[in-house]
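Asks: Starting off with a structure, shown below.
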Amino acid sequence: QLQLVESGGGLVQPGGSLRLSCSASGVTLDTYTVAWFRQAPGKEREGVSCISKSGGSTDVADSVKGRFTVSRDNAKNTAYLQMNNVKPEDTAVYYCAAVIPRVLFDERICLMWGPDEYAYWGQGTQVTVSS
């Protein structure tokens with residue numbers, strides 16, 4: 001059974017940077033597509049970015065394009081979300097999620113699958129952007 005644990009959240013000033021980590025245990029992560037979602041108070045869960053099993057393709061939400069970068073190190077069983085030039089509207093609980101993709105699913109559009117497609121979730125880590 002795959003277990004995911006996020007870390008790296010905290011308080012950061014606008015314009016600053018933060019790197020979130022998603023560590024997997026139980027099974028190897030290299031057969032799973034990994035995604036990052038976030039949820040702010042009173043808002044729906046939003047897809048931020050996702051990465052294919054091999055790391056060869058990624059999908060990024062328009063709201064964070066050019067600022068956030070997803071990556072993974074399968075040897076370390078870990079995925080990352082590098083957040084640069086953060087804004088107050090990035091404040092949210094950030095979750096990593098994973099799924100073994102369906103055969104005909106295109107990993108290049110893994111954000112379009114939506115949160116319901118992802119079977120495994122971490123507990124979330126709070127990111128607060130404030131001066």
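Labels for the structure tokens follow display order: chains A, B, ..., residues from 1 in each chain, ligands from 1.
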Tell me, as a VMD selection string, which residues lie within 8 Å of range 19-31 of chain A, counting only C-alpha atoms; anything in the same chain fewer than 5 positions away does not count.

Replies: chain A and resid 1 to 9 53 to 54 74 77 to 83 96 100 122

Asks: List every residue of range 5-124 of chain A that DSSP, applied to the backbone, labels as helix (DSSP H, G or I), and write the result as a VMD selection string.

Replies: chain A and resid 29 to 31 74 to 76 88 to 90 107 to 113 115 to 117

Asks: Could you please take those selected residues and save C-alpha atoms as a compact mmCIF listing (two decimals), in the first residue's frame?

Replies:
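Saved the output as part-v5.txt:
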# COMPACT_ATOMS: atom_id res chain seq x y z
CA LEU A 29 6.84 5.38 -6.76
CA ASP A 30 8.04 4.82 -10.33
CA THR A 31 4.80 3.20 -11.49
CA ASN A 74 12.42 7.83 -8.35
CA ALA A 75 15.64 6.56 -6.80
CA LYS A 76 14.67 8.47 -3.65
CA PRO A 88 -0.58 35.55 -1.16
CA GLU A 89 -3.11 33.71 -3.32
CA ASP A 90 -0.86 30.64 -3.19
CA GLU A 107 0.14 11.55 -18.77
CA ARG A 108 0.83 14.83 -20.57
CA ILE A 109 -2.58 16.06 -19.39
CA CYS A 110 -2.54 14.45 -15.97
CA LEU A 111 -4.06 17.54 -14.31
CA MET A 112 -7.17 17.17 -16.43
CA TRP A 113 -7.82 13.77 -14.84
CA PRO A 115 -8.59 14.79 -8.05
CA ASP A 116 -11.08 11.91 -8.09
CA GLU A 117 -8.77 9.93 -10.36

Asks: Extract, using only C-alpha atoms, all DNA, RNA and protein residues at most 10 Å from Val93 in chain A, discarding same-chain residues fewer than 5 positions from it, and format them as a list in words.

Replies: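 Surrounding residues, per the criterion: Gly9, Phe37, Arg38, Gln39, Ala40, Pro41, Arg45, Gln123, Gly124, Thr125, Gln126, Val127 and Thr128 of chain A.
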
Asks: If we count only C-alpha atoms, what is near Asn84 in chain A at a cut-off of 8 Å, once residues fewer than 6 positions away on the same chain are taken out, given as a ChimeraX atom specification?

Replies: /A:15-18,67-68

Asks: Residues of the last selection are to be written out with all heavy atoms, as a CSV table (one decimal), in the first residue's frame.

Replies:
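Below you can see out26.csv, which holds the result:
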chain,number,residue,atom,x,y,z
A,15,GLY,N,7.0,36.7,-3.0
A,15,GLY,CA,8.2,36.8,-3.8
A,15,GLY,C,9.3,35.8,-3.4
A,15,GLY,O,10.3,35.6,-4.1
A,16,GLY,N,9.0,35.1,-2.3
A,16,GLY,CA,10.0,34.1,-1.8
A,16,GLY,C,9.8,32.7,-2.4
A,16,GLY,O,9.0,32.6,-3.4
A,17,SER,N,10.6,31.8,-1.9
A,17,SER,CA,10.5,30.4,-2.5
A,17,SER,C,10.4,29.4,-1.4
A,17,SER,O,10.7,29.6,-0.2
A,17,SER,CB,11.8,30.1,-3.3
A,17,SER,OG,12.0,31.0,-4.4
A,18,LEU,N,9.9,28.2,-1.9
A,18,LEU,CA,9.6,27.1,-0.9
A,18,LEU,C,9.7,25.8,-1.8
A,18,LEU,O,9.3,25.9,-2.9
A,18,LEU,CB,8.3,27.3,-0.3
A,18,LEU,CG,8.0,26.7,1.1
A,18,LEU,CD1,9.0,27.4,2.1
A,18,LEU,CD2,6.6,27.0,1.5
A,67,ARG,N,6.2,29.8,-12.4
A,67,ARG,CA,6.6,30.0,-11.0
A,67,ARG,C,6.8,28.7,-10.3
A,67,ARG,O,7.8,28.6,-9.4
A,67,ARG,CB,5.6,30.8,-10.3
A,67,ARG,CG,5.3,32.2,-10.9
A,67,ARG,CD,4.4,33.0,-10.0
A,67,ARG,NE,3.0,32.4,-9.8
A,67,ARG,CZ,2.5,32.1,-8.6
A,67,ARG,NH1,3.3,32.2,-7.5
A,67,ARG,NH2,1.3,31.5,-8.5
A,68,PHE,N,6.0,27.7,-10.5
A,68,PHE,CA,6.1,26.4,-9.9
A,68,PHE,C,6.7,25.3,-10.8
A,68,PHE,O,6.3,25.3,-12.0
A,68,PHE,CB,4.8,25.9,-9.4
A,68,PHE,CG,4.2,26.7,-8.2
A,68,PHE,CD1,4.8,27.9,-7.8
A,68,PHE,CD2,3.1,26.3,-7.5
A,68,PHE,CE1,4.2,28.7,-6.8
A,68,PHE,CE2,2.5,27.0,-6.5
A,68,PHE,CZ,3.1,28.2,-6.1

Asks: Considering only strand (DSSP E) as DSSP defines it on the backbone, what residues of chain A qualify? List them as a count of residues only.

Replies: 59

Asks: Between A:Ala97, A:Ala119, A:Lys43, A:Val48, which residue has the minimum interatomic distance to Val60 in chain A, considering only C-alpha atoms?

Replies: A:Val48

Asks: Measuring between only C-alpha atoms, which one of A:Asn85, A:Thr69, A:Cys50, A:Ala35 shows the shortest distance to Pro14 in chain A?

Replies: A:Asn85
